[in-house]
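Visitor: Right, I'll just put the structure down here and ask away after.
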Amino acid sequence: MHPDISVRNLNKTYASGHRALKDINLEIHRGEIFALLGPNGAGKTTLISIICGIVNLTDGTVLADGHNIVTEYRAARSKIGLVPQELNTDAFETVWNTVSFSRGLFGKPPKPAHIEKVLRDLSLWEKKDSMIMALSGGMKRRVMIAKALSHEPQILFLDEPTAGVDVELRRDMWEMVRKLRESGVTIILTTHYIEEAEEMADRIGVISGGELILVEEKHALMRKLGKKELRLHLQNPLDALPEGLADLDLELSEDGSELIYSFDAQREHTGIATLLRRLSEQGIDFKDLRTRESSLEDIFVNLVRAK
Ligand SMILES: Nc1ncnc2c1ncn2[C@@H]1O[C@H](COP(=O)(O)OP(=O)(O)OP(=O)(O)O)[C@@H](O)[C@H]1O
C-alpha cells in the first residue's frame, strides 16, 4: 500500500527570498499519529500548508493518498481535512449549517447521517442549532474539527490543536484524536508542546530551520537518545567537583548538594558501580539517590541546540 502522504525533495522559498523548507523527504503511513515538532518559525505551518494546497511549493513532489497535490489537486485535497491554527467560521451561522456547508465546498453531496455522526462524536450534537458566536472557545475548536471532517477525509492535519486551550480541553482533544485514529484516520499534528507529542504520537519528526532533522518512532527515539540521570544527594555539600573525579561524566548541582551522573541505560556497563567505588575512595558520602529518565523535552532541546 502506498503511504498516505509522500513528500519528496520538497523545497520552499518565499517571494521574500526566505528558504522556509530545505529538501524535505517524508512518508506518513495509514492510521498513524505523526507529530511534527519544532521551534517557532521552523517551517511546520509552511510544510502542512503546502501539503494542503494553501501554499505553492517551489520544487519537489507531494502525493496525498497517491494523488499529486499539484497536478491532481482536487483528488488530493478531497482526501485531506485541515484544522488550522486560527478559528475561521462565520459567527452568525449555526453549527449544523457551518459543518454541512464545509462538506459542500468539496463537491460532496449532502450526507446528514455523516454530519450527525461527526457532531455526536465531538459532543457538539446538543449545540447543532446554536450560532457559532454563542459557543465557548473550546466548542468553537470542536466545530473547526467537525468542519475538517465533514467531507470524510482520510488524512487529518491539526495545526497546533491545543495552543492556548486549558488542560481539560487539551485532554479532551487528545481523546478525540485517538478515537479518530481508531476509526482509521491518519493524523498529522504540529505542536510546540513536547508533552503532547510524548503522549500522543506514534512517530515524531523534528523540524528546525526548514530542515527535517529527524524522523523516528517515538519509543525508539526515547530509547536511542534518552539518557538516565543518577542524582546523589550528598551528606556534605561540595564547593567544586573533586579533582579525583574529574574523569567521570559528573556534574555538581548549583548549590553543591547533589552530584549528577548521566549514563546510557542501554549499555551493559553503566559505570555506576565504578562511580560508587570512587566516591567511597574519596570519602564522599551521600544520603539519598534517585534516577530520572530524560523526557522527550530533554531530547528535543538537545537536538535543536546541537544544530
Ligand atoms: N508568506 C511568507 N512570506 C515570507 N516568509 C514567510 C511567509 N510565511 C512564513 N514565512 C517565514 O517562513 C518561516 C517558517 O514559517 P512557518 O510559519 O512555517 O513556521 P512554524 O514552524 O509554523 O512556526 P510557528 O511555530 O511559529 O507557527 C518563518 O521564518 C516565517 O517568517
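Each chain of the C-alpha cells is named A, B, ... in the order shown, its residues numbered from 1; ligands are numbered from 1 in display order.
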Check every protein, DNA and RNA residue against ligand 1, keep those with an atom at most 9 Å away (counting only C-alpha atoms and all ligand atoms), and present them as a ChimeraX atom specification.
Guide: /A:12-21,37-49,55,85,159-160,190-192,207-210
Visitor: Could you write out the selected residues, including N, CA and C atoms, as a short mmCIF file (atom, residue, chain, number, x, y, z; two decimals), in the first residue's frame?
Guide:
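Contents of part_12.cif, as written:
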```cif
data_model
loop_
_atom_site.label_atom_id
_atom_site.label_comp_id
_atom_site.auth_asym_id
_atom_site.auth_seq_id
_atom_site.Cartn_x
_atom_site.Cartn_y
_atom_site.Cartn_z
N LYS A 12 10.93 25.02 -0.37
CA LYS A 12 10.07 26.20 -0.46
C LYS A 12 10.90 27.45 -0.18
N THR A 13 10.88 28.36 -1.14
CA THR A 13 11.48 29.67 -0.93
C THR A 13 10.35 30.68 -1.11
N TYR A 14 10.10 31.48 -0.10
CA TYR A 14 9.06 32.51 -0.21
C TYR A 14 9.53 33.64 -1.13
N ALA A 15 8.56 34.43 -1.61
CA ALA A 15 8.89 35.53 -2.53
C ALA A 15 9.92 36.47 -1.91
N SER A 16 9.94 36.53 -0.57
CA SER A 16 10.90 37.39 0.12
C SER A 16 12.33 36.87 -0.04
N GLY A 17 12.46 35.65 -0.55
CA GLY A 17 13.79 35.04 -0.67
C GLY A 17 14.10 34.11 0.49
N HIS A 18 13.17 34.06 1.48
CA HIS A 18 13.42 33.22 2.65
C HIS A 18 13.23 31.74 2.30
N ARG A 19 14.24 30.93 2.59
CA ARG A 19 14.13 29.48 2.33
C ARG A 19 13.50 28.81 3.52
N ALA A 20 12.20 28.57 3.42
CA ALA A 20 11.48 28.06 4.60
C ALA A 20 11.57 26.55 4.72
N LEU A 21 11.75 25.83 3.60
CA LEU A 21 11.89 24.37 3.67
C LEU A 21 13.05 23.93 2.78
N LEU A 37 7.37 18.41 15.32
CA LEU A 37 7.81 19.29 16.40
C LEU A 37 8.83 20.28 15.87
N GLY A 38 8.82 21.46 16.41
CA GLY A 38 9.86 22.40 16.02
C GLY A 38 9.64 23.74 16.66
N PRO A 39 10.72 24.51 16.82
CA PRO A 39 10.56 25.83 17.43
C PRO A 39 9.82 26.79 16.50
N ASN A 40 9.49 27.97 17.00
CA ASN A 40 8.81 28.99 16.19
C ASN A 40 9.58 29.25 14.91
N GLY A 41 8.83 29.33 13.81
CA GLY A 41 9.46 29.69 12.55
C GLY A 41 10.24 28.58 11.89
N ALA A 42 10.12 27.35 12.42
CA ALA A 42 10.91 26.23 11.88
C ALA A 42 10.44 25.80 10.49
N GLY A 43 9.16 26.04 10.19
CA GLY A 43 8.64 25.65 8.88
C GLY A 43 7.48 24.67 8.95
N LYS A 44 6.94 24.45 10.14
CA LYS A 44 5.87 23.47 10.31
C LYS A 44 4.61 23.86 9.52
N THR A 45 4.19 25.10 9.72
CA THR A 45 2.96 25.54 9.05
C THR A 45 3.18 25.58 7.54
N THR A 46 4.36 25.99 7.11
CA THR A 46 4.65 26.01 5.68
C THR A 46 4.50 24.61 5.11
N LEU A 47 5.06 23.63 5.79
CA LEU A 47 5.00 22.25 5.29
C LEU A 47 3.56 21.77 5.17
N ILE A 48 2.77 21.96 6.23
CA ILE A 48 1.41 21.43 6.11
C ILE A 48 0.57 22.29 5.16
N SER A 49 0.88 23.57 5.05
CA SER A 49 0.12 24.40 4.11
C SER A 49 0.40 23.95 2.67
N VAL A 55 -0.34 26.79 0.17
CA VAL A 55 0.90 27.49 -0.23
C VAL A 55 1.52 26.69 -1.37
N GLN A 85 -4.68 26.76 12.60
CA GLN A 85 -4.39 27.34 13.92
C GLN A 85 -5.47 28.31 14.35
N ASP A 159 -3.11 21.77 13.09
CA ASP A 159 -2.01 22.71 13.28
C ASP A 159 -2.14 23.32 14.67
N GLU A 160 -1.24 22.96 15.55
CA GLU A 160 -1.27 23.45 16.94
C GLU A 160 -2.66 23.28 17.56
N THR A 190 0.94 19.39 14.38
CA THR A 190 2.12 20.18 14.72
C THR A 190 1.93 20.65 16.15
N THR A 191 3.01 20.76 16.83
CA THR A 191 2.86 21.20 18.22
C THR A 191 4.15 21.81 18.76
N HIS A 192 3.96 22.71 19.71
CA HIS A 192 5.08 23.22 20.49
C HIS A 192 5.22 22.42 21.76
N ILE A 207 11.62 19.41 13.08
CA ILE A 207 12.00 20.34 12.03
C ILE A 207 12.62 21.56 12.68
N SER A 208 13.72 22.00 12.10
CA SER A 208 14.43 23.15 12.67
C SER A 208 15.10 23.89 11.53
N GLY A 209 14.89 25.19 11.44
CA GLY A 209 15.49 25.99 10.37
C GLY A 209 15.15 25.45 8.99
N GLY A 210 13.93 24.94 8.81
CA GLY A 210 13.49 24.47 7.48
C GLY A 210 13.97 23.09 7.12
#
```
Visitor: Taking only C-alpha atoms into account, produce a table as CSV in which each residue of range 59-116 of chain A with an atom at most 12 Å from an atom of range 27-35 of chain A appears once, together with its shortest atom pair and the distance in Å to one decimal, ordered by chain and rising number.
Guide:
```
residue,atom,partner,partner_atom,distance
A:Thr61,CA,A:Glu27,CA,11.8
A:Val62,CA,A:Glu27,CA,9.8
A:Leu63,CA,A:Glu27,CA,9.5
A:Ala64,CA,A:Ile28,CA,9.6
A:Asp65,CA,A:Arg30,CA,9.1
A:Gly66,CA,A:Glu27,CA,11.5
```
Visitor: Skip Met176 in chain A itself and residues of its chain fewer than 2 positions away, then list as a PyMOL selection string all residues within 10 Å of it, counting only C-alpha atoms.
Guide: chain A and resi 121-123+142+145+170-174+178-182
Visitor: Contacts of range 234-244 of chain A at 8 Å or less, counting only C-alpha atoms, minus same-chain residues fewer than 6 places along, as a list in words?
Guide: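 So the residues in contact are Glu251, Leu252, Asp255, Gly256, Ser257, Glu258, Leu259, Gln282, Ile284, Asp285, Phe286, Lys287 and Asp288 of chain A.
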Visitor: Which of these, A:Leu289, A:Ala91, A:Leu250, A:Val118, has the shortest distance to Arg103 in chain A once you count only C-alpha atoms?
Guide: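 Once distances to Arg103 in chain A are computed over only C-alpha atoms, the minimum belongs to A:Val118.
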